Amino acid sequence: MDFGMSGDDLEQMYQEVILEASRNPHGRERFAPDLASEQSAQAGESVVRASHEYCAAGESHQFNPTCGDEATIHAEVSDGGDGRPHTIERLVWDGHGCSISQASLSIMVDLVEGKTVDEAMRLAGLFHQLMDSRGAGLSDESAEEDLGDAVVFQGVSKYPMRIKCALLGWEGMKASVAEALARMQ
Amino acid sequence: MEGKGMVDFDAIRAEFPILDQSVYGHPLVYLDSAATAQKPQCVIDAEADFYRHDNAAVHRGAHELAARSTVAFERARASMARLVGACADEGGEEIVVTGGATAGLNLLATAFGNASLGRGGSAAARFALHPGDEIVVSKAEHHSVLLPFQELAARTGATLKWLDLDEEGRIRSDMADEVITERTRVVAVTHVANVTGAITNLAPIVRRAHAVGALVVLDACQSVPHLKVDVHALDVDFAVWSAHKMYGPTGVGFLYGRRELLEALPPANFGGSMVELAWMDRPAQYMAPPAKFEAGTQPVAQVVAAGAAAEWMMAIGMDAIATHEHEVAAELLKLGDVDGVSILGPCENRDRIGTVAFDVDGVHPHDVGQFIDAQGIAIRVGHHCAQPVHRHFGVYASNRASSGVYNSVADAQALVEAVSKVRAFFRV
Ligand SMILES: Cc1ncc(COP(=O)(O)O)c(C=O)c1O
């Protein structure tokens with residue numbers, strides 16, 4: 001297909017990895033109320049509970065009103081007993097949205113589940129930098145390597161309107177992890 | 001130009017300088033006029049010329065420029081009145097300048113709220129709402145109708161009720177007798193829905209509302225730019241619309257009110273230019289409408305340019321505009337023939353305008369919009385400030401193409417062609 005100049009940009013934005021991840025996203029489960037349904041106003045709050053005793057859970061609801069992307073991110077963080085670092089033991093989400101937001105959530109889950117909180121936050125910082133790069137990517141090659149598949153969102157960083165879509169899941173991860181840590185106090 | 005004869009719509013398109021550009025290497029196709037319309041050169045000039053030659057404060061001061069500005073301002077009000085069939089006679093004005101349709105709706109809701117607190121005395125009692133009273137809207141309303149009246153209900157203890165939609169998303173006018181009751185005081189409803197493009201069958205709603213003594217507020221945002229609107233013939237009590245959707249500037253809109261109602265309605269905004277006598281220790285004496293509702297300095301240049309837009313539309317002829325856009329609508333509705341595409345709204349080209357919302361199965365509207373934008377075609381994606389109607393269709397958001405007087409059948413064809421490639425691109 002030929003889309004002229006923007007065709008390349010379009011192909012660069014919607015890389016195969018993104019299209020694939022958005023069709024079969026990882027970490028997606030059904031646990032939050034469905035806001036498109038007529039009954040949404042009556043839908044009950046989902047109960048935030050951790051699946052492991054040594055974990056605390058946190059949840060964060062993220063919403064992008066401009067396009068309606070919406071996700072509830074649920075994180076479970078180990079309590080750091082015996083001097084072990086806090087670790088994200090479980091990361092799942094429920095929601096709907098454009099392919100960029102869905103793919104970003106999926107790739108983020110693959111990247112940070114099982115990582116320590118410190119490492120997850122470092123990766124979130126790198127991803128933020130990538131999205132702030134206006135299409136240029138990160139200058140640090142090893143940083144790009146650490147981001148793994150998430151570097152495919154470099155093409156999205158050219159589009160100010162879509163950066164929020166890519167960041168939605170990461171914002172939710174940071175907020176839900178922070179909530180889980182706060183619950184341990 | 002006469003409204004009756006053949007109108008050269010290619011020449012009309014050429015009056016819009018913004019349309020003469022490429023986007024991503026494609027000639028721009030603008031199909032987002034329901035959000036905001038583009039401006040013809042004469043409207044752009046009217047605003048600039050006003051600043052260049054006439055600009056001064058209106059209705060005050062005695063110098064030459066002040067006089068010219070006042071005349072231009074009032075002339076624009078009269079043009080707007082003629083466009084919608086309202087009274088333009090001095091002392092009988094029925095058109096109030098607002099900051100836009102949203103501001104007009106809030107003005108009404110606030111004024112009704114003030115009447116509910118006893119402001120405006122016994123003459124304003126007809127606008128007052130009390131616990132047990134009802135306000136009726138529809139599920140197709142823009143948030144700018146829903147929210148001001150939802151708030152008014154909350155402030156006064158009134159109950160908010162609504163007319164449901166049928167499968168095509170049309171407002172169920174047949175439910176008017178059931179939903180509008182003896183307790184209903186206000187019915188606020190859209191003339192043309194901004195998502196489905198459906199023209200509301202108003203007569204049964206107005207008839208029932210008036211039979212029970214309720215006031216009818218019409219959201220005419222999406223009808224005034226595209227159809228011949230006659231507020232007296234429609235027999236509504238109030239109507240609002242925005243200049244920017246009818247080829248005029250942003251920041252300004254208009255409120256129609258039946259003269260006797262405007263006289264009885266208490267003001268909503270207070271300050272300079274709306275008061276005859278003000279004292280420290282006595283209640284102020286407000287001016288007659290429309291001034292009573294126009295506190296503070298008005299967007300004069302924009303009002304003047306909006307008047308130019310109204311004159312320009314009348315010169316083309318509203319019937320000619322409606323007929324032309326009807327042809328564009330027919331082509332847009334072919335979106336429904338594209339594999340995996342469904343139209344949210346009436347599929348038949350009857351009692352609807354060239355505003356066509358659609359869903360592409362398996363592709364989120366934001367992705368559809370990105371793909372369409374890459375071909376230089378501007379459509380709107382999202383919920384279009386009308387979430388309940390999307391819930392009615394069981395979706396969160398949609399894609400919406402909407403025509404203006406400058407669109408051609410070829411524009412619509414370009415969109416249909418682009419949309420037919422979407423699912424393949426996203427591998428669904
Ligand atoms: C049907 C309808 N009502 C109200 C509005 C609000 O108009 P504005 O944003 O110009 O105040 C709009 C425009 O978005 C509309 O389409």
# chains A, B, ... in the order shown; residues from 1 in each chain; ligands from 1

$ residues_near_ligand --ligand "ligand 1" --cutoff "7 Å" --atoms "only C-alpha atoms and all ligand atoms" --output "number ranges by chain"
B: 34-35, 100-103, 141-142, 144-145, 190, 192-194, 219-222, 241-242, 244, 385

$ residues_around --residues "Ala284 (chain B)" --least-positions-apart "3" --cutoff "12 Å" --atoms "only C-alpha atoms" --output "CSV table (one decimal) with C-alpha atoms, in the first residue's frame"
chain,number,residue,atom,x,y,z
B,120,GLY,CA,-37.6,37.6,39.0
B,267,PRO,CA,-30.8,37.3,34.3
B,270,PHE,CA,-24.6,40.3,36.4
B,271,GLY,CA,-22.4,43.3,35.8
B,272,GLY,CA,-21.8,46.1,33.4
B,274,MET,CA,-27.1,44.9,31.7
B,275,VAL,CA,-28.4,47.3,34.3
B,276,GLU,CA,-30.4,50.6,34.1
B,277,LEU,CA,-30.0,51.7,37.7
B,278,ALA,CA,-27.6,50.4,40.3
B,279,TRP,CA,-27.4,51.5,43.9
B,280,MET,CA,-25.5,50.5,47.0
B,281,ASP,CA,-28.5,49.8,49.2
B,287,MET,CA,-32.4,46.5,31.3
B,292,LYS,CA,-30.4,42.0,30.4

$ interface_residues --of "chain B" --to "chain A" --cutoff "8 Å" --atoms "only C-alpha atoms" --output "PyMOL selection string"
chain B and resi 24-25+363-367+371+374-375+381-383+390-392+394-397+426-427

$ closest_residue --among "A:Met131, A:Ala166, A:Met173, A:Val152" --to "Glu113 (chain A)" --atoms "only C-alpha atoms"
A:Met173

$ select_by_dssp --residues "region 10-182 of chain B" --states "strand (DSSP E)" --output "list of chain:residue names"
B:Ser22, B:Val23, B:His26, B:Pro27, B:Val29, B:Tyr30, B:Ile95, B:Val96, B:Val97, B:Thr98, B:Glu134, B:Ile135, B:Val136, B:Val137, B:Ser138, B:Thr159, B:Leu160, B:Lys161, B:Trp162, B:Leu163

$ write_last_selection --atoms "N, CA, C and O atoms" --output "PDB file, in the first residue's frame"
ATOM      1  N   SER B  22      -2.350  20.850   1.431  1.00  0.00           N
ATOM      2  CA  SER B  22      -2.129  19.404   1.465  1.00  0.00           C
ATOM      3  C   SER B  22      -1.796  18.987   2.885  1.00  0.00           C
ATOM      4  O   SER B  22      -1.159  19.735   3.624  1.00  0.00           O
ATOM      5  N   VAL B  23      -2.234  17.804   3.230  1.00  0.00           N
ATOM      6  CA  VAL B  23      -1.876  17.226   4.519  1.00  0.00           C
ATOM      7  C   VAL B  23      -1.231  15.870   4.228  1.00  0.00           C
ATOM      8  O   VAL B  23      -1.835  15.026   3.556  1.00  0.00           O
ATOM      9  N   HIS B  26      -1.453  14.795   0.688  1.00  0.00           N
ATOM     10  CA  HIS B  26      -2.771  14.618   0.069  1.00  0.00           C
ATOM     11  C   HIS B  26      -3.547  15.922   0.175  1.00  0.00           C
ATOM     12  O   HIS B  26      -3.428  16.618   1.174  1.00  0.00           O
ATOM     13  N   PRO B  27      -4.365  16.228  -0.834  1.00  0.00           N
ATOM     14  CA  PRO B  27      -5.206  17.418  -0.679  1.00  0.00           C
ATOM     15  C   PRO B  27      -6.128  17.226   0.524  1.00  0.00           C
ATOM     16  O   PRO B  27      -6.715  16.149   0.695  1.00  0.00           O
ATOM     17  N   VAL B  29      -9.011  16.851   2.942  1.00  0.00           N
ATOM     18  CA  VAL B  29     -10.457  16.593   2.906  1.00  0.00           C
ATOM     19  C   VAL B  29     -10.960  16.811   4.329  1.00  0.00           C
ATOM     20  O   VAL B  29     -10.591  16.062   5.240  1.00  0.00           O
ATOM     21  N   TYR B  30     -11.750  17.848   4.518  1.00  0.00           N
ATOM     22  CA  TYR B  30     -12.206  18.174   5.872  1.00  0.00           C
ATOM     23  C   TYR B  30     -13.617  17.659   6.081  1.00  0.00           C
ATOM     24  O   TYR B  30     -14.567  18.152   5.482  1.00  0.00           O
ATOM     25  N   ILE B  95     -33.023  37.540  20.089  1.00  0.00           N
ATOM     26  CA  ILE B  95     -31.718  36.879  19.999  1.00  0.00           C
ATOM     27  C   ILE B  95     -30.765  37.482  21.031  1.00  0.00           C
ATOM     28  O   ILE B  95     -30.537  38.699  21.047  1.00  0.00           O
ATOM     29  N   VAL B  96     -30.204  36.612  21.869  1.00  0.00           N
ATOM     30  CA  VAL B  96     -29.251  37.021  22.896  1.00  0.00           C
ATOM     31  C   VAL B  96     -27.873  36.508  22.490  1.00  0.00           C
ATOM     32  O   VAL B  96     -27.740  35.363  22.049  1.00  0.00           O
ATOM     33  N   VAL B  97     -26.876  37.355  22.629  1.00  0.00           N
ATOM     34  CA  VAL B  97     -25.501  36.940  22.356  1.00  0.00           C
ATOM     35  C   VAL B  97     -24.981  36.145  23.554  1.00  0.00           C
ATOM     36  O   VAL B  97     -25.157  36.552  24.711  1.00  0.00           O
ATOM     37  N   THR B  98     -24.348  35.015  23.259  1.00  0.00           N
ATOM     38  CA  THR B  98     -23.740  34.211  24.324  1.00  0.00           C
ATOM     39  C   THR B  98     -22.297  33.897  23.924  1.00  0.00           C
ATOM     40  O   THR B  98     -21.862  34.251  22.827  1.00  0.00           O
ATOM     41  N   GLU B 134     -40.171  17.830  37.124  1.00  0.00           N
ATOM     42  CA  GLU B 134     -39.335  17.011  36.245  1.00  0.00           C
ATOM     43  C   GLU B 134     -38.723  17.832  35.117  1.00  0.00           C
ATOM     44  O   GLU B 134     -39.342  18.762  34.603  1.00  0.00           O
ATOM     45  N   ILE B 135     -37.503  17.437  34.774  1.00  0.00           N
ATOM     46  CA  ILE B 135     -36.833  17.969  33.588  1.00  0.00           C
ATOM     47  C   ILE B 135     -36.644  16.776  32.654  1.00  0.00           C
ATOM     48  O   ILE B 135     -36.199  15.715  33.085  1.00  0.00           O
ATOM     49  N   VAL B 136     -36.997  16.948  31.395  1.00  0.00           N
ATOM     50  CA  VAL B 136     -36.866  15.837  30.447  1.00  0.00           C
ATOM     51  C   VAL B 136     -35.828  16.191  29.387  1.00  0.00           C
ATOM     52  O   VAL B 136     -35.873  17.282  28.802  1.00  0.00           O
ATOM     53  N   VAL B 137     -34.882  15.288  29.183  1.00  0.00           N
ATOM     54  CA  VAL B 137     -33.903  15.419  28.099  1.00  0.00           C
ATOM     55  C   VAL B 137     -33.999  14.158  27.240  1.00  0.00           C
ATOM     56  O   VAL B 137     -34.971  13.413  27.359  1.00  0.00           O
ATOM     57  N   SER B 138     -33.015  13.922  26.387  1.00  0.00           N
ATOM     58  CA  SER B 138     -33.000  12.652  25.653  1.00  0.00           C
ATOM     59  C   SER B 138     -31.633  12.013  25.817  1.00  0.00           C
ATOM     60  O   SER B 138     -30.675  12.674  26.228  1.00  0.00           O
ATOM     61  N   THR B 159     -36.468  16.080  39.232  1.00  0.00           N
ATOM     62  CA  THR B 159     -36.027  14.770  38.743  1.00  0.00           C
ATOM     63  C   THR B 159     -35.684  14.884  37.267  1.00  0.00           C
ATOM     64  O   THR B 159     -36.429  15.492  36.500  1.00  0.00           O
ATOM     65  N   LEU B 160     -34.549  14.283  36.883  1.00  0.00           N
ATOM     66  CA  LEU B 160     -34.172  14.264  35.467  1.00  0.00           C
ATOM     67  C   LEU B 160     -34.691  12.980  34.825  1.00  0.00           C
ATOM     68  O   LEU B 160     -34.411  11.879  35.296  1.00  0.00           O
ATOM     69  N   LYS B 161     -35.449  13.134  33.763  1.00  0.00           N
ATOM     70  CA  LYS B 161     -35.945  11.978  33.008  1.00  0.00           C
ATOM     71  C   LYS B 161     -35.484  12.129  31.558  1.00  0.00           C
ATOM     72  O   LYS B 161     -35.035  13.191  31.176  1.00  0.00           O
ATOM     73  N   TRP B 162     -35.613  11.052  30.806  1.00  0.00           N
ATOM     74  CA  TRP B 162     -35.163  11.177  29.421  1.00  0.00           C
ATOM     75  C   TRP B 162     -35.971  10.327  28.453  1.00  0.00           C
ATOM     76  O   TRP B 162     -36.535   9.307  28.818  1.00  0.00           O
ATOM     77  N   LEU B 163     -35.987  10.834  27.226  1.00  0.00           N
ATOM     78  CA  LEU B 163     -36.562  10.089  26.118  1.00  0.00           C
ATOM     79  C   LEU B 163     -35.495   9.108  25.645  1.00  0.00           C
ATOM     80  O   LEU B 163     -34.336   9.476  25.473  1.00  0.00           O
TER      81      LEU B 163
END

$ select_by_dssp --residues "region 36-145 of chain A" --states "helix (DSSP H, G or I)" --output "short mmCIF file (atom, residue, chain, number, x, y, z; two decimals) with all heavy atoms, in the first residue's frame"
data_model
loop_
_atom_site.label_atom_id
_atom_site.label_comp_id
_atom_site.auth_asym_id
_atom_site.auth_seq_id
_atom_site.Cartn_x
_atom_site.Cartn_y
_atom_site.Cartn_z
N SER A 40 -23.36 0.39 34.01
CA SER A 40 -22.07 0.71 34.63
C SER A 40 -22.20 1.48 35.93
O SER A 40 -21.46 1.25 36.86
CB SER A 40 -21.23 1.52 33.65
OG SER A 40 -21.88 2.74 33.39
N ALA A 41 -23.14 2.39 35.99
CA ALA A 41 -23.25 3.23 37.19
C ALA A 41 -23.53 2.38 38.42
O ALA A 41 -23.16 2.75 39.53
CB ALA A 41 -24.33 4.28 37.01
N GLN A 42 -24.17 1.23 38.19
CA GLN A 42 -24.49 0.38 39.34
C GLN A 42 -23.40 -0.66 39.63
O GLN A 42 -23.44 -1.36 40.64
CB GLN A 42 -25.81 -0.36 39.11
CG GLN A 42 -27.05 0.52 39.24
CD GLN A 42 -27.37 1.20 37.91
OE1 GLN A 42 -27.38 0.56 36.88
NE2 GLN A 42 -27.64 2.49 37.94
N GLY A 81 10.21 -9.17 52.99
CA GLY A 81 10.66 -9.82 54.21
C GLY A 81 12.07 -10.39 54.03
O GLY A 81 12.53 -10.57 52.89
N ASP A 82 12.74 -10.65 55.11
CA ASP A 82 14.10 -11.22 55.10
C ASP A 82 15.06 -10.38 54.27
O ASP A 82 16.00 -10.91 53.66
CB ASP A 82 14.10 -12.65 54.52
CG ASP A 82 13.19 -13.57 55.32
OD1 ASP A 82 12.98 -13.26 56.53
OD2 ASP A 82 12.69 -14.55 54.76
N GLY A 83 14.81 -9.11 54.21
CA GLY A 83 15.73 -8.23 53.50
C GLY A 83 15.70 -8.37 52.00
O GLY A 83 16.53 -7.79 51.29
N SER A 99 -5.02 0.35 19.80
CA SER A 99 -3.98 -0.68 19.71
C SER A 99 -2.70 -0.24 20.41
O SER A 99 -1.98 -1.07 20.97
CB SER A 99 -3.70 -1.01 18.24
OG SER A 99 -3.29 0.15 17.56
N ILE A 100 -2.42 1.05 20.40
CA ILE A 100 -1.19 1.53 21.05
C ILE A 100 -1.26 1.30 22.57
O ILE A 100 -0.33 0.78 23.18
CB ILE A 100 -0.96 3.04 20.77
CG1 ILE A 100 -0.93 3.32 19.27
CG2 ILE A 100 0.30 3.54 21.45
CD1 ILE A 100 0.18 2.66 18.50
N SER A 101 -2.40 1.65 23.17
CA SER A 101 -2.51 1.48 24.63
C SER A 101 -2.52 0.00 25.00
O SER A 101 -1.88 -0.41 25.98
CB SER A 101 -3.76 2.18 25.16
OG SER A 101 -4.93 1.54 24.72
N GLN A 102 -3.23 -0.80 24.21
CA GLN A 102 -3.33 -2.22 24.52
C GLN A 102 -1.97 -2.92 24.37
O GLN A 102 -1.57 -3.70 25.22
CB GLN A 102 -4.35 -2.90 23.59
CG GLN A 102 -5.72 -2.28 23.63
CD GLN A 102 -6.42 -2.45 24.96
OE1 GLN A 102 -6.90 -3.52 25.29
NE2 GLN A 102 -6.43 -1.40 25.75
N ALA A 103 -1.28 -2.59 23.29
CA ALA A 103 0.02 -3.21 23.06
C ALA A 103 1.02 -2.77 24.12
O ALA A 103 1.83 -3.56 24.60
CB ALA A 103 0.52 -2.84 21.67
N SER A 104 0.95 -1.50 24.51
CA SER A 104 1.89 -1.00 25.50
C SER A 104 1.68 -1.69 26.85
O SER A 104 2.64 -2.05 27.54
CB SER A 104 1.75 0.52 25.64
OG SER A 104 2.76 1.02 26.48
N LEU A 105 0.41 -1.89 27.21
CA LEU A 105 0.11 -2.60 28.46
C LEU A 105 0.69 -4.02 28.39
O LEU A 105 1.32 -4.50 29.33
CB LEU A 105 -1.41 -2.67 28.65
CG LEU A 105 -2.04 -1.45 29.32
CD1 LEU A 105 -3.49 -1.28 28.87
CD2 LEU A 105 -1.98 -1.59 30.84
N SER A 106 0.47 -4.68 27.28
CA SER A 106 0.90 -6.07 27.12
C SER A 106 2.42 -6.18 27.22
O SER A 106 2.95 -7.03 27.95
CB SER A 106 0.42 -6.58 25.76
OG SER A 106 0.96 -7.84 25.49
N ILE A 107 3.11 -5.32 26.50
CA ILE A 107 4.58 -5.39 26.46
C ILE A 107 5.15 -4.99 27.83
O ILE A 107 6.13 -5.55 28.30
CB ILE A 107 5.11 -4.50 25.32
CG1 ILE A 107 4.74 -5.17 23.98
CG2 ILE A 107 6.61 -4.27 25.44
CD1 ILE A 107 4.93 -4.30 22.75
N MET A 108 4.48 -4.07 28.51
CA MET A 108 4.93 -3.67 29.84
C MET A 108 4.82 -4.84 30.82
O MET A 108 5.72 -5.08 31.62
CB MET A 108 4.09 -2.50 30.35
CG MET A 108 4.41 -2.12 31.78
SD MET A 108 3.24 -0.93 32.42
CE MET A 108 1.84 -1.98 32.77
N VAL A 109 3.72 -5.58 30.74
CA VAL A 109 3.54 -6.72 31.64
C VAL A 109 4.69 -7.71 31.44
O VAL A 109 5.32 -8.17 32.40
CB VAL A 109 2.18 -7.41 31.39
CG1 VAL A 109 2.14 -8.78 32.06
CG2 VAL A 109 1.04 -6.53 31.92
N ASP A 110 4.99 -8.02 30.18
CA ASP A 110 6.10 -8.94 29.90
C ASP A 110 7.41 -8.43 30.47
O ASP A 110 8.25 -9.20 30.92
CB ASP A 110 6.27 -9.11 28.37
CG ASP A 110 5.11 -9.88 27.76
OD1 ASP A 110 4.34 -10.50 28.53
OD2 ASP A 110 4.97 -9.85 26.52
N LEU A 111 7.55 -7.13 30.45
CA LEU A 111 8.83 -6.53 30.84
C LEU A 111 9.01 -6.42 32.36
O LEU A 111 10.09 -6.67 32.87
CB LEU A 111 8.90 -5.14 30.22
CG LEU A 111 10.27 -4.53 29.98
CD1 LEU A 111 11.12 -5.45 29.10
CD2 LEU A 111 10.10 -3.17 29.29
N VAL A 112 7.97 -6.06 33.08
CA VAL A 112 8.19 -5.74 34.50
C VAL A 112 7.68 -6.79 35.49
O VAL A 112 8.08 -6.77 36.65
CB VAL A 112 7.62 -4.35 34.90
CG1 VAL A 112 8.12 -3.27 33.97
CG2 VAL A 112 6.12 -4.36 34.97
N VAL A 117 10.80 -3.70 42.33
CA VAL A 117 10.13 -2.41 42.17
C VAL A 117 11.13 -1.37 41.64
O VAL A 117 10.81 -0.58 40.74
CB VAL A 117 9.50 -1.96 43.51
CG1 VAL A 117 9.08 -0.49 43.44
CG2 VAL A 117 8.32 -2.86 43.85
N ASP A 118 12.34 -1.40 42.18
CA ASP A 118 13.35 -0.43 41.73
C ASP A 118 13.62 -0.56 40.24
O ASP A 118 13.69 0.43 39.51
CB ASP A 118 14.67 -0.62 42.50
CG ASP A 118 14.55 -0.12 43.93
OD1 ASP A 118 13.54 0.57 44.22
OD2 ASP A 118 15.44 -0.43 44.75
N GLU A 119 13.75 -1.80 39.78
CA GLU A 119 14.04 -2.04 38.37
C GLU A 119 12.85 -1.61 37.50
O GLU A 119 13.02 -1.01 36.44
CB GLU A 119 14.38 -3.52 38.15
CG GLU A 119 14.61 -3.94 36.71
CD GLU A 119 15.82 -3.27 36.05
OE1 GLU A 119 16.50 -2.46 36.71
OE2 GLU A 119 16.03 -3.52 34.85
N ALA A 120 11.63 -1.92 37.96
CA ALA A 120 10.44 -1.55 37.20
C ALA A 120 10.35 -0.03 37.06
O ALA A 120 10.02 0.50 35.99
CB ALA A 120 9.18 -2.09 37.88
N MET A 121 10.68 0.67 38.14
CA MET A 121 10.61 2.13 38.09
C MET A 121 11.69 2.70 37.18
O MET A 121 11.48 3.70 36.49
CB MET A 121 10.74 2.73 39.51
CG MET A 121 9.58 2.39 40.42
SD MET A 121 7.98 2.94 39.75
CE MET A 121 6.86 1.78 40.53
N ARG A 122 12.85 2.04 37.15
CA ARG A 122 13.91 2.49 36.25
C ARG A 122 13.44 2.32 34.79
O ARG A 122 13.61 3.22 33.97
CB ARG A 122 15.20 1.68 36.49
CG ARG A 122 16.41 2.22 35.73
CD ARG A 122 17.66 1.37 35.96
NE ARG A 122 17.60 0.09 35.27
CZ ARG A 122 17.99 -0.11 34.01
NH1 ARG A 122 18.44 0.89 33.29
NH2 ARG A 122 17.90 -1.31 33.45
N LEU A 123 12.84 1.18 34.50
CA LEU A 123 12.34 0.93 33.14
C LEU A 123 11.24 1.93 32.77
O LEU A 123 11.19 2.43 31.65
CB LEU A 123 11.82 -0.50 33.01
CG LEU A 123 12.90 -1.58 33.10
CD1 LEU A 123 12.26 -2.97 33.21
CD2 LEU A 123 13.84 -1.51 31.89
N ALA A 124 10.37 2.24 33.75
CA ALA A 124 9.31 3.21 33.49
C ALA A 124 9.93 4.57 33.13
O ALA A 124 9.45 5.27 32.23
CB ALA A 124 8.40 3.34 34.70
N GLY A 125 11.03 4.90 33.83
CA GLY A 125 11.72 6.17 33.55
C GLY A 125 12.29 6.17 32.13
O GLY A 125 12.17 7.16 31.39
N LEU A 126 12.87 5.03 31.73
CA LEU A 126 13.43 4.94 30.38
C LEU A 126 12.33 5.03 29.33
O LEU A 126 12.49 5.68 28.29
CB LEU A 126 14.18 3.60 30.21
CG LEU A 126 15.49 3.45 30.97
CD1 LEU A 126 16.08 2.05 30.74
CD2 LEU A 126 16.50 4.53 30.55
N PHE A 127 11.22 4.38 29.62
CA PHE A 127 10.12 4.40 28.64
C PHE A 127 9.60 5.84 28.47
O PHE A 127 9.31 6.29 27.37
CB PHE A 127 8.99 3.45 29.06
CG PHE A 127 7.96 3.26 27.98
CD1 PHE A 127 8.24 2.48 26.86
CD2 PHE A 127 6.72 3.89 28.06
CE1 PHE A 127 7.29 2.34 25.83
CE2 PHE A 127 5.78 3.74 27.04
CZ PHE A 127 6.07 2.97 25.93
N HIS A 128 9.53 6.54 29.60
CA HIS A 128 9.13 7.94 29.55
C HIS A 128 10.07 8.75 28.67
O HIS A 128 9.63 9.53 27.82
CB HIS A 128 9.14 8.54 30.97
CG HIS A 128 7.77 8.92 31.44
ND1 HIS A 128 7.15 10.06 31.03
CD2 HIS A 128 6.91 8.29 32.28
CE1 HIS A 128 5.94 10.12 31.59
NE2 HIS A 128 5.78 9.05 32.35
N GLN A 129 11.37 8.52 28.87
CA GLN A 129 12.37 9.22 28.05
C GLN A 129 12.16 8.92 26.57
O GLN A 129 12.24 9.80 25.73
CB GLN A 129 13.77 8.78 28.44
CG GLN A 129 14.36 9.52 29.62
CD GLN A 129 15.73 8.94 29.96
OE1 GLN A 129 16.50 8.52 29.09
NE2 GLN A 129 16.04 8.89 31.24
N LEU A 130 11.90 7.65 26.28
CA LEU A 130 11.68 7.24 24.89
C LEU A 130 10.48 8.00 24.31
O LEU A 130 10.54 8.50 23.18
CB LEU A 130 11.42 5.73 24.82
CG LEU A 130 11.16 5.17 23.41
CD1 LEU A 130 12.46 5.12 22.60
CD2 LEU A 130 10.53 3.78 23.48
N MET A 131 9.42 8.10 25.09
CA MET A 131 8.22 8.76 24.58
C MET A 131 8.39 10.27 24.47
O MET A 131 7.67 10.93 23.74
CB MET A 131 7.00 8.42 25.47
CG MET A 131 6.63 6.95 25.49
SD MET A 131 6.71 6.13 23.87
CE MET A 131 5.37 6.97 23.03
N GLU A 141 22.36 2.97 23.97
CA GLU A 141 21.95 1.70 23.36
C GLU A 141 21.60 0.63 24.38
O GLU A 141 20.69 -0.15 24.17
CB GLU A 141 23.08 1.17 22.46
CG GLU A 141 22.78 1.44 20.99
CD GLU A 141 23.89 0.92 20.10
OE1 GLU A 141 24.27 -0.26 20.28
OE2 GLU A 141 24.37 1.69 19.24
N SER A 142 22.34 0.62 25.50
CA SER A 142 22.05 -0.43 26.48
C SER A 142 20.70 -0.16 27.14
O SER A 142 19.99 -1.09 27.53
CB SER A 142 23.17 -0.53 27.52
OG SER A 142 23.03 0.47 28.51
N ALA A 143 20.34 1.12 27.23
CA ALA A 143 19.03 1.46 27.77
C ALA A 143 17.94 0.94 26.84
O ALA A 143 16.93 0.38 27.27
CB ALA A 143 18.89 2.96 27.97
N GLU A 144 18.18 1.11 25.54
CA GLU A 144 17.20 0.61 24.57
C GLU A 144 17.07 -0.90 24.66
O GLU A 144 15.98 -1.46 24.54
CB GLU A 144 17.61 1.02 23.14
CG GLU A 144 17.31 2.48 22.87
CD GLU A 144 17.24 2.82 21.38
OE1 GLU A 144 17.74 2.01 20.57
OE2 GLU A 144 16.70 3.88 21.05
N GLU A 145 18.21 -1.55 24.90
CA GLU A 145 18.18 -3.00 25.04
C GLU A 145 17.35 -3.41 26.25
O GLU A 145 16.57 -4.35 26.18
CB GLU A 145 19.60 -3.53 25.20
CG GLU A 145 19.94 -4.62 24.20
CD GLU A 145 21.44 -4.80 24.09
OE1 GLU A 145 21.99 -5.43 25.01
OE2 GLU A 145 22.04 -4.30 23.11
#

$ residues_around --residues "region 202-218 of chain B" --least-positions-apart "4" --cutoff "6 Å" --atoms "only C-alpha atoms" --output "VMD selection string"
chain B and resid 176 182 184 to 190 236 to 239

$ residues_around --residues "Ile73 (chain A)" --least-positions-apart "6" --cutoff "10 Å" --atoms "only C-alpha atoms" --output "ChimeraX atom specification"
/A:27-29,32,58-62,91-95,105,168-177

$ atom_distance --atom1 "CA of Val356 (chain B)" --atom2 "CA of Leu146 (chain B)"
21.6 Å
